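Asks: Got a structure for you, model.txt, holding compact mmCIF, C-alpha atoms and all ligand atoms.
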# COMPACT_ATOMS: atom_id res chain seq x y z
CA MET A 434 77.78 74.84 105.10
CA ALA A 435 77.47 75.57 108.82
CA LYS A 436 80.36 74.24 110.84
CA LYS A 437 79.73 71.68 113.56
CA LYS A 438 79.40 73.51 116.87
CA LEU A 439 81.29 72.33 119.96
CA ASN A 440 79.72 73.44 123.23
CA VAL A 441 81.94 74.48 126.11
CA GLY A 442 81.12 74.04 129.78
CA LEU A 443 83.55 76.17 131.78
CA VAL A 444 84.26 75.43 135.44
CA GLY A 445 85.53 78.50 137.32
CA TYR A 446 85.15 82.21 136.65
CA GLY A 447 88.37 83.71 137.98
CA PHE A 448 91.28 85.18 136.05
CA MET A 449 91.74 81.99 134.01
CA GLY A 450 88.00 81.67 133.30
CA ARG A 451 88.25 85.10 131.68
CA THR A 452 91.34 84.27 129.58
CA HIS A 453 89.70 81.08 128.30
CA SER A 454 86.34 82.74 127.59
CA ASN A 455 88.04 85.50 125.63
CA ALA A 456 89.94 82.86 123.64
CA TYR A 457 86.75 80.96 122.75
CA ARG A 458 85.23 84.16 121.42
CA GLN A 459 88.30 85.27 119.47
CA ALA A 460 89.66 82.04 117.97
CA PRO A 461 86.78 81.28 115.54
CA VAL A 462 86.78 84.91 114.36
CA PHE A 463 90.50 85.27 113.64
CA PHE A 464 91.31 81.71 112.54
CA ASP A 465 89.71 79.51 109.91
CA LEU A 466 88.70 76.56 112.08
CA PRO A 467 86.82 73.34 111.36
CA TYR A 468 84.38 73.92 114.26
CA SER A 469 82.47 76.78 115.79
CA ILE A 470 82.25 77.23 119.56
CA GLY A 471 79.14 77.51 121.70
CA LEU A 472 79.53 79.11 125.13
CA LYS A 473 76.95 76.80 126.68
CA ALA A 474 77.41 76.96 130.44
CA VAL A 475 79.61 78.35 133.17
CA CYS A 476 79.76 76.51 136.47
CA ALA A 477 80.68 78.01 139.85
CA ARG A 478 79.46 77.67 143.41
CA ASN A 479 77.99 81.17 143.69
CA PRO A 480 74.97 81.36 141.30
CA GLU A 481 74.70 85.19 141.31
CA ARG A 482 78.34 85.60 140.37
CA ALA A 483 78.13 82.77 137.83
CA GLN A 484 75.12 84.52 136.24
CA ALA A 485 76.97 87.85 136.12
CA PHE A 486 79.93 86.10 134.46
CA ALA A 487 77.61 84.33 132.01
CA ASP A 488 75.90 87.61 131.09
CA ASN A 489 79.21 89.39 130.60
CA TRP A 490 80.87 86.72 128.46
CA GLY A 491 77.81 85.38 126.65
CA TYR A 492 77.35 81.95 128.26
CA GLU A 493 73.83 80.61 127.70
CA SER A 494 73.33 79.04 131.13
CA ILE A 495 74.89 78.42 134.54
CA GLU A 496 75.39 75.45 136.86
CA SER A 497 76.49 75.49 140.46
CA ASP A 498 77.54 71.81 140.65
CA TRP A 499 80.18 70.56 138.20
CA ARG A 500 78.64 67.06 138.30
CA LYS A 501 75.48 68.46 136.71
CA LEU A 502 77.57 70.17 134.05
CA ILE A 503 79.26 66.87 133.22
CA ASP A 504 75.89 65.07 133.05
CA ARG A 505 74.57 67.49 130.46
CA LYS A 506 74.22 66.04 126.95
CA ASP A 507 74.67 69.47 125.37
CA ILE A 508 78.28 69.91 126.63
CA ASP A 509 81.13 68.64 124.42
CA ILE A 510 84.17 70.23 126.10
CA VAL A 511 84.64 70.53 129.87
CA ASP A 512 87.14 73.29 130.57
CA ILE A 513 88.60 73.31 134.10
CA ALA A 514 89.67 76.80 135.17
CA SER A 515 89.00 76.31 138.89
CA PRO A 516 91.64 75.99 141.66
CA ASN A 517 94.21 73.17 141.48
CA ASP A 518 92.58 70.90 144.08
CA THR A 519 89.52 70.51 141.82
CA HIS A 520 91.34 69.54 138.59
CA HIS A 521 91.79 65.86 139.32
CA GLU A 522 88.23 64.89 140.29
CA ILE A 523 86.50 66.97 137.61
CA ALA A 524 88.83 65.85 134.80
CA ILE A 525 88.46 62.17 135.61
CA ALA A 526 84.65 62.39 135.83
CA ALA A 527 84.47 64.42 132.61
CA ALA A 528 86.64 61.91 130.73
CA LYS A 529 84.50 59.01 132.01
CA ALA A 530 81.44 60.85 130.68
CA GLY A 531 83.13 61.01 127.26
CA LYS A 532 83.74 64.78 127.27
CA MET A 533 86.81 66.44 125.82
CA VAL A 534 88.76 67.90 128.73
CA LEU A 535 90.84 71.06 128.85
CA CYS A 536 92.56 71.85 132.14
CA GLU A 537 94.45 74.80 133.61
CA LYS A 538 98.03 74.25 134.72
CA PRO A 539 99.48 72.58 136.70
CA LEU A 540 97.61 69.44 135.66
CA GLY A 541 97.54 67.92 139.16
CA ARG A 542 98.69 69.11 142.57
CA ASN A 543 101.32 66.40 142.14
CA ALA A 544 102.29 63.74 139.60
CA LYS A 545 100.13 61.09 141.30
CA GLU A 546 96.98 63.12 140.60
CA ALA A 547 98.18 64.01 137.11
CA LYS A 548 98.90 60.33 136.28
CA ALA A 549 95.32 59.35 137.22
CA MET A 550 94.07 62.15 134.95
CA VAL A 551 96.22 60.92 132.05
CA ASP A 552 94.96 57.37 132.58
CA ALA A 553 91.35 58.60 132.54
CA VAL A 554 91.56 60.63 129.30
CA GLU A 555 93.63 57.96 127.55
CA ALA A 556 91.24 55.14 128.61
CA ALA A 557 88.25 57.19 127.44
CA LYS A 558 90.14 58.26 124.26
CA VAL A 559 88.94 61.85 124.64
CA ALA A 560 90.79 64.92 123.35
CA ASN A 561 92.64 66.71 126.14
CA MET A 562 94.93 69.67 126.61
CA VAL A 563 96.63 71.64 129.40
CA TRP A 564 96.65 75.45 129.22
CA TYR A 565 100.42 76.02 129.22
CA ASN A 566 99.80 79.17 127.22
CA TYR A 567 103.36 80.49 126.90
CA ARG A 568 104.08 77.81 124.29
CA ARG A 569 101.85 79.89 122.01
CA VAL A 570 103.73 83.20 122.14
CA PRO A 571 104.78 83.75 118.48
CA ALA A 572 108.40 84.54 119.51
CA VAL A 573 108.63 81.32 121.54
CA VAL A 574 107.17 79.30 118.65
CA LEU A 575 109.70 80.88 116.28
CA LEU A 576 112.47 79.85 118.69
CA LYS A 577 111.11 76.29 118.67
CA HIS A 578 111.28 76.28 114.85
CA LEU A 579 114.87 77.62 114.90
CA ILE A 580 115.93 74.94 117.41
CA ASP A 581 114.23 72.18 115.40
CA GLU A 582 115.93 73.41 112.21
CA GLY A 583 119.28 72.85 113.98
CA ARG A 584 120.28 76.53 113.86
CA LEU A 585 121.58 76.52 117.43
CA GLY A 586 123.54 73.28 116.97
CA LYS A 587 124.40 71.38 120.12
CA ILE A 588 122.74 72.96 123.16
CA PHE A 589 124.93 73.72 126.18
CA HIS A 590 122.79 75.87 128.47
CA TYR A 591 119.18 76.74 129.30
CA ARG A 592 118.54 79.55 131.80
CA THR A 593 115.11 80.66 132.91
CA LYS A 594 113.26 82.53 135.63
CA PHE A 595 109.77 83.72 136.59
CA LEU A 596 109.76 86.61 139.07
CA GLN A 597 106.83 88.27 140.83
CA ASP A 598 106.42 90.40 143.98
CA TRP A 599 102.76 90.20 145.02
CA THR A 600 103.06 88.16 148.26
CA ILE A 601 105.75 90.17 150.07
CA SER A 602 103.33 91.75 152.57
CA GLN A 603 103.09 89.93 155.89
CA ASP A 604 99.45 91.05 156.11
CA LEU A 605 98.31 89.24 152.96
CA PRO A 606 96.04 86.38 154.07
CA GLN A 607 96.09 82.89 152.55
CA GLY A 608 93.20 80.83 151.20
CA GLY A 609 89.83 81.53 149.63
CA GLU A 610 89.06 83.23 146.36
CA GLY A 611 92.01 84.95 144.72
CA LEU A 612 94.44 83.76 147.42
CA TRP A 613 94.12 79.99 147.19
CA ARG A 614 97.54 80.00 145.49
CA LEU A 615 99.02 80.60 148.97
CA ASP A 616 97.23 77.62 150.53
CA ALA A 617 99.23 74.45 149.85
CA SER A 618 96.26 72.15 150.43
CA VAL A 619 94.52 73.78 147.45
CA ALA A 620 97.47 74.75 145.23
CA GLY A 621 99.68 71.69 145.85
CA SER A 622 102.79 73.86 146.03
CA GLY A 623 103.78 77.51 145.77
CA VAL A 624 105.83 79.00 142.98
CA THR A 625 107.12 75.57 141.91
CA GLY A 626 103.70 74.49 140.61
CA ASP A 627 102.37 77.94 139.80
CA LEU A 628 105.28 79.67 138.06
CA LEU A 629 108.19 77.27 137.54
CA ALA A 630 105.71 74.82 135.97
CA HIS A 631 105.48 77.27 133.05
CA ASN A 632 109.27 77.48 132.71
CA ILE A 633 109.48 73.69 132.92
CA ASP A 634 106.78 73.08 130.31
CA THR A 635 108.39 75.48 127.82
CA ALA A 636 111.83 74.01 128.51
CA LEU A 637 110.67 70.41 128.01
CA TRP A 638 109.12 71.49 124.71
CA LEU A 639 112.13 73.45 123.47
CA ASN A 640 115.01 71.40 124.87
CA GLY A 641 113.68 67.88 125.60
CA GLY A 642 113.53 65.81 128.78
CA ILE A 643 115.12 66.67 132.14
CA SER A 644 116.95 63.75 133.77
CA GLU A 645 117.91 65.02 137.26
CA VAL A 646 117.50 68.09 139.46
CA VAL A 647 118.91 69.62 142.62
CA ALA A 648 116.73 72.25 144.26
CA MET A 649 116.34 74.74 147.07
CA THR A 650 113.06 76.30 148.22
CA GLU A 651 112.17 78.82 150.93
CA THR A 652 109.01 79.98 152.70
CA PHE A 653 109.78 83.53 153.79
CA ILE A 654 106.55 84.17 155.68
CA LYS A 655 105.84 81.22 157.93
CA ALA A 656 102.24 81.96 159.03
CA ARG A 657 99.36 83.96 157.55
CA LYS A 658 95.76 84.52 158.54
CA HIS A 659 93.55 82.03 156.70
CA ASN A 660 90.68 83.72 154.86
CA LEU A 661 88.25 80.87 155.48
CA THR A 662 88.85 80.43 159.23
CA GLY A 663 90.28 83.80 160.32
CA GLU A 664 93.04 81.85 162.18
CA MET A 665 96.79 82.39 161.86
CA THR A 666 97.83 79.24 159.99
CA PRO A 667 101.26 77.90 158.97
CA VAL A 668 102.20 78.63 155.37
CA ASN A 669 103.11 75.42 153.57
CA ILE A 670 103.83 76.72 150.09
CA ASP A 671 107.27 77.52 148.70
CA ASP A 672 107.64 81.29 148.22
CA ALA A 673 110.82 80.85 146.17
CA SER A 674 112.17 77.85 144.29
CA LEU A 675 115.48 77.45 142.49
CA PHE A 676 116.95 74.41 140.82
CA LEU A 677 119.80 73.22 138.66
CA CYS A 678 119.28 70.34 136.26
CA ARG A 679 120.67 68.21 133.49
CA PHE A 680 118.71 67.68 130.30
CA ALA A 681 118.81 64.34 128.47
CA ASN A 682 120.62 66.13 125.58
CA GLY A 683 123.56 66.89 127.92
CA SER A 684 122.82 70.59 128.46
CA LEU A 685 122.88 72.19 131.92
CA ALA A 686 120.21 74.53 133.21
CA SER A 687 119.19 76.87 135.99
CA PHE A 688 115.58 77.69 136.92
CA GLU A 689 114.37 80.29 139.43
CA ALA A 690 110.90 81.44 140.52
CA THR A 691 109.86 83.71 143.35
CA ARG A 692 107.05 85.99 144.49
CA TYR A 693 109.57 88.09 146.46
CA ALA A 694 111.44 89.94 143.69
CA ARG A 695 110.35 93.50 144.47
CA GLY A 696 109.53 95.38 141.27
CA HIS A 697 108.90 92.33 139.09
CA LYS A 698 105.27 91.51 138.26
CA ALA A 699 105.54 88.63 135.80
CA LEU A 700 109.11 88.54 134.54
CA TYR A 701 109.32 85.25 132.71
CA THR A 702 112.58 85.04 130.78
CA LEU A 703 114.44 82.26 129.07
CA GLU A 704 117.81 81.98 127.38
CA ILE A 705 119.28 79.12 125.41
CA ASN A 706 122.90 78.84 124.33
CA GLY A 707 123.94 76.52 121.52
CA GLU A 708 127.17 75.87 119.64
CA LYS A 709 126.08 78.05 116.69
CA ALA A 710 123.57 80.51 118.16
CA SER A 711 121.89 81.84 121.29
CA ALA A 712 118.41 83.25 121.93
CA ILE A 713 116.76 85.22 124.71
CA TRP A 714 113.03 85.79 125.27
CA ASP A 715 111.36 88.00 127.89
CA LEU A 716 107.61 88.07 128.65
CA HIS A 717 107.73 91.82 129.34
CA ASP A 718 108.82 92.29 125.72
CA LEU A 719 107.00 89.23 124.41
CA HIS A 720 106.89 90.20 120.74
CA ARG A 721 110.70 90.24 120.46
CA LEU A 722 113.27 87.46 120.17
CA GLN A 723 116.90 88.36 120.88
CA TRP A 724 119.04 86.31 118.53
CA PHE A 725 122.82 85.92 118.14
CA ASP A 726 124.01 83.85 115.19
CA HIS A 727 127.67 82.87 115.16
CA THR A 728 127.36 81.74 111.53
CA ASP A 729 126.86 85.40 110.47
CA GLU A 730 129.78 87.12 108.72
CA GLY A 731 132.27 87.98 111.52
CA ARG A 732 132.30 91.77 110.92
CA LEU A 733 128.50 91.96 111.25
CA ARG A 734 128.02 89.46 114.07
CA GLY A 735 125.98 90.73 117.01
CA TRP A 736 122.76 90.39 118.95
CA ARG A 737 119.69 91.25 116.91
CA SER A 738 116.27 92.01 118.24
CA ILE A 739 113.67 90.45 115.94
CA HIS A 740 110.25 92.10 116.08
CA ILE A 741 107.93 89.11 115.71
CA THR A 742 105.07 90.85 113.92
CA ASP A 743 105.50 89.91 110.27
CA SER A 744 103.09 87.72 108.36
CA ASP A 745 105.70 84.94 108.06
CA HIS A 746 106.04 84.77 111.85
CA PRO A 747 103.98 82.13 113.70
CA TYR A 748 100.27 83.04 113.98
CA MET A 749 100.84 86.65 112.87
CA LYS A 750 99.17 86.50 109.46
CA ASN A 751 95.88 85.95 111.32
CA TRP A 752 96.16 89.25 113.22
CA TRP A 753 96.71 92.83 112.08
CA VAL A 754 99.29 94.10 109.61
CA PRO A 755 103.10 93.72 109.83
CA GLY A 756 104.62 95.76 112.64
CA LEU A 757 101.57 95.70 114.92
CA GLN A 758 101.89 93.69 118.10
CA ILE A 759 99.69 91.22 119.92
CA GLY A 760 99.88 90.24 123.61
CA TYR A 761 99.23 87.84 126.47
CA GLU A 762 95.58 87.03 125.77
CA HIS A 763 96.40 85.91 122.23
CA THR A 764 98.40 82.94 123.56
CA PHE A 765 95.13 81.44 124.83
CA THR A 766 93.39 82.21 121.54
CA HIS A 767 96.17 80.40 119.67
CA GLN A 768 95.73 77.45 121.98
CA VAL A 769 91.99 77.18 121.18
CA ALA A 770 92.74 77.55 117.46
CA ASP A 771 95.39 74.81 117.55
CA PHE A 772 93.13 72.53 119.59
CA LEU A 773 90.25 72.81 117.11
CA LYS A 774 92.51 72.53 114.07
CA ALA A 775 94.12 69.35 115.44
CA LEU A 776 90.71 67.93 116.31
CA GLY A 777 89.56 68.50 112.74
CA GLU A 778 92.57 66.53 111.50
CA GLY A 779 91.95 63.70 113.98
CA LYS A 780 95.06 64.71 115.95
CA GLN A 781 95.83 65.76 119.52
CA ALA A 782 97.09 69.30 120.15
CA ALA A 783 99.93 69.63 122.64
CA PRO A 784 100.43 70.07 125.51
CA THR A 785 98.32 67.00 126.21
CA PHE A 786 97.62 65.71 129.71
CA ARG A 787 100.64 63.42 129.18
CA ASP A 788 102.80 66.51 128.57
CA GLY A 789 101.27 68.08 131.70
CA LEU A 790 102.23 64.96 133.65
CA ALA A 791 105.83 65.32 132.41
CA ALA A 792 105.97 68.83 133.93
CA ASP A 793 104.45 67.50 137.18
CA TYR A 794 107.15 64.80 137.39
CA VAL A 795 109.76 67.58 137.27
CA THR A 796 107.99 69.73 139.90
CA ASP A 797 107.67 66.68 142.17
CA ALA A 798 111.41 66.01 141.79
CA VAL A 799 112.19 69.69 142.55
CA LEU A 800 110.12 69.65 145.76
CA GLU A 801 111.58 66.28 146.80
CA SER A 802 115.14 67.47 146.20
CA ALA A 803 114.54 70.66 148.18
CA LYS A 804 113.37 68.51 151.08
CA SER A 805 116.13 65.88 150.90
CA ARG A 806 118.89 68.34 149.85
CA GLN A 807 119.99 65.66 147.35
CA TRP A 808 120.03 65.31 143.56
CA GLN A 809 116.75 63.74 142.46
CA LYS A 810 116.07 61.70 139.31
CA VAL A 811 113.00 62.79 137.34
CA LEU A 812 110.47 59.98 136.95
CA GLY A 813 108.33 59.31 133.91
C1 LIG B 901 100.23 83.83 139.34
O1 LIG B 901 100.24 85.17 139.72
C2 LIG B 901 99.94 83.70 137.84
O2 LIG B 901 98.67 84.25 137.57
C3 LIG B 901 99.97 82.23 137.41
O3 LIG B 901 98.98 81.47 138.07
C4 LIG B 901 99.81 82.15 135.90
O4 LIG B 901 99.87 80.81 135.47
C5 LIG B 901 100.94 82.97 135.25
O5 LIG B 901 100.82 82.93 133.86
C6 LIG B 901 100.88 84.41 135.71
O6 LIG B 901 100.95 84.43 137.12
Step by step, read the file and then write its structure as structure tokens.

Replies:
Amino acid sequence: MAKKKLNVGLVGYGFMGRTHSNAYRQAPVFFDLPYSIGLKAVCARNPERAQAFADNWGYESIESDWRKLIDRKDIDIVDIASPNDTHHEIAIAAAKAGKMVLCEKPLGRNAKEAKAMVDAVEAAKVANMVWYNYRRVPAVVLLKHLIDEGRLGKIFHYRTKFLQDWTISQDLPQGGEGLWRLDASVAGSGVTGDLLAHNIDTALWLNGGISEVVAMTETFIKARKHNLTGEMTPVNIDDASLFLCRFANGSLASFEATRYARGHKALYTLEINGEKASAIWDLHDLHRLQWFDHTDEGRLRGWRSIHITDSDHPYMKNWWVPGLQIGYEHTFTHQVADFLKALGEGKQAAPTFRDGLAADYVTDAVLESAKSRQWQKVLG
């Protein structure tokens, strides 16, 4: 029997529009899912570029106004992959129209926007999800299972960073396509909302709630030419953001993100230290989990590097054969697969908008603490 088809209307055709489109094409092929996916429409302001994107990825139609997309009866899922300042308005309107809503991270530019988005999807009772894709790296999922099985015992430390180097040049402008991440009015914040939000989401998932933070941020380049006006304009994003925090489980943590770590392109790492075991994961080596188990026989104790490619590792039986790796784009495919599977079971796949709001409460507290130079309680 043919599966029920869910039609996607994608808003935005940048880097994230491509990762999501690829995932919609791959998930129903590699996973046995209760629904099929229709790539119905892509929406973006520039019709020629939207058409080129549609032709390349196989979307049936285009729209240049997201309101028209939301009004269409043939769209089931509205997927928001446009810049951060658009998330809030589109998500709320889509939920009111009864659409399922998927949204890129961070959910809102701040927790106030994110809270209104949560209220909208919960009032409309529509399925919703935030694309915090690193939760779907098989090695990270395995770590989650090991933590939940109690193999680390009591957790003492969580240590994580996300390092890049692409904004070091003084001549890089801010604003407009590709560079809106440098314009605080569009992005909300700098690396806190763009990079640390990933570390925060994974940490909340693996290690539970964060109760208080103390932070420090810096803007190294104070003014850049704005792409839309041509004027030199103050830079209001944080270029680097570091914070210490306490988790509700009593563990202590350090978080660091920057776009000024020369040589690092996307070095997301995390380490967790428990009473019985420790683990380290590194995005540049994403198919490996470094694992130290103190319960091993003393003479053989040591760090092991587990190659997460076997069929009993999370998601891996759906890919190639043992030993062969997968990569970054698969995390999005896993997210689509989990979303559709959960939907078929009448459940909600995480991270939901409410989970996205939890991350935004932490980023708000980080930015507030950096401003006040005081410890800040995390709301929510
Ligand atoms: C920024 O360079 C960026 O593309 C983020 O926006 C993504 O969320 C992150 O996964 C990779 O880096």

Asks: What do you get as an mmCIF file with C-alpha atoms, keeping the file's coordinate frame if you pick all residues at most 7 Å from ligand LIG 901 (chain B), counting all atoms listed in the file?

Replies:
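Final file, part_5.cif:
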data_model
loop_
_atom_site.group_PDB
_atom_site.id
_atom_site.type_symbol
_atom_site.label_atom_id
_atom_site.label_comp_id
_atom_site.auth_asym_id
_atom_site.auth_seq_id
_atom_site.Cartn_x
_atom_site.Cartn_y
_atom_site.Cartn_z
ATOM 1 C CA LYS A 538 98.030 74.250 134.720
ATOM 2 C CA ASP A 627 102.370 77.940 139.800
ATOM 3 C CA LEU A 628 105.280 79.670 138.060
ATOM 4 C CA ALA A 699 105.540 88.630 135.800
#

Asks: Do a neighbour search on stretch 480-497 of chain A at 12 Å with only C-alpha atoms, toss out local chain neighbours closer than 5 positions, and write the hits as a VMD selection string.

Replies: chain A and resid 440 to 448 450 to 459 470 to 475 502 to 505 507 to 508

Asks: What is the atom CA of A:Arg568 to atom CA of A:Leu773 distance in Å?

Replies: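 Value for the atom CA of A:Arg568-atom CA of A:Leu773 distance: 16.4 Å.
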
Asks: With only C-alpha atoms as the counted atoms, please give the residues lying no more than 10 Å from A:Ala460, apart from itself and same-chain residues fewer than 5 positions off, as a list in words.

Replies: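 Counting only C-alpha atoms, the residues come to Asn455, Asp465, Leu466, Ser469, Ile470, Asn751, His763, Phe765, Thr766, His767, Gln768, Val769, Ala770, Asp771 and Leu773 of chain A.
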
Asks: Please dump the current selection as a short mmCIF file (atom, residue, chain, number, x, y, z; two decimals), keeping the file's coordinate frame; keep C-alpha atoms.

Replies:
data_model
loop_
_atom_site.label_atom_id
_atom_site.label_comp_id
_atom_site.auth_asym_id
_atom_site.auth_seq_id
_atom_site.Cartn_x
_atom_site.Cartn_y
_atom_site.Cartn_z
CA ASN A 455 88.04 85.50 125.63
CA ASP A 465 89.71 79.51 109.91
CA LEU A 466 88.70 76.56 112.08
CA SER A 469 82.47 76.78 115.79
CA ILE A 470 82.25 77.23 119.56
CA ASN A 751 95.88 85.95 111.32
CA HIS A 763 96.40 85.91 122.23
CA PHE A 765 95.13 81.44 124.83
CA THR A 766 93.39 82.21 121.54
CA HIS A 767 96.17 80.40 119.67
CA GLN A 768 95.73 77.45 121.98
CA VAL A 769 91.99 77.18 121.18
CA ALA A 770 92.74 77.55 117.46
CA ASP A 771 95.39 74.81 117.55
CA LEU A 773 90.25 72.81 117.11
#

Asks: Using all atoms listed in the file, tabulate the residues of stretch 771-806 of chain A lying at most 12 Å from any atom of stretch 676-682 of chain A, each with its closest atom pair and that distance in Å to one decimal, by chain and increasing residue number, as JSON lines.

Replies:
{"residue": "A:Val795", "atom": "CA", "partner": "A:Cys678", "partner_atom": "CA", "distance": 10.0}
{"residue": "A:Thr796", "atom": "CA", "partner": "A:Phe676", "partner_atom": "CA", "distance": 10.2}
{"residue": "A:Ala798", "atom": "CA", "partner": "A:Phe676", "partner_atom": "CA", "distance": 10.1}
{"residue": "A:Val799", "atom": "CA", "partner": "A:Phe676", "partner_atom": "CA", "distance": 6.9}
{"residue": "A:Leu800", "atom": "CA", "partner": "A:Phe676", "partner_atom": "CA", "distance": 9.7}
{"residue": "A:Glu801", "atom": "CA", "partner": "A:Phe676", "partner_atom": "CA", "distance": 11.4}
{"residue": "A:Ser802", "atom": "CA", "partner": "A:Phe676", "partner_atom": "CA", "distance": 9.0}
{"residue": "A:Ala803", "atom": "CA", "partner": "A:Phe676", "partner_atom": "CA", "distance": 8.6}
{"residue": "A:Arg806", "atom": "CA", "partner": "A:Phe676", "partner_atom": "CA", "distance": 11.1}

Asks: Just write the chosen residues, C-alpha atoms, as a PDB file, in the coordinates of the input.

Replies:
ATOM      1  CA  VAL A 795     109.760  67.580 137.270  1.00  0.00           C
ATOM      2  CA  THR A 796     107.990  69.730 139.900  1.00  0.00           C
ATOM      3  CA  ALA A 798     111.410  66.010 141.790  1.00  0.00           C
ATOM      4  CA  VAL A 799     112.190  69.690 142.550  1.00  0.00           C
ATOM      5  CA  LEU A 800     110.120  69.650 145.760  1.00  0.00           C
ATOM      6  CA  GLU A 801     111.580  66.280 146.800  1.00  0.00           C
ATOM      7  CA  SER A 802     115.140  67.470 146.200  1.00  0.00           C
ATOM      8  CA  ALA A 803     114.540  70.660 148.180  1.00  0.00           C
ATOM      9  CA  ARG A 806     118.890  68.340 149.850  1.00  0.00           C
TER      10      ARG A 806
END
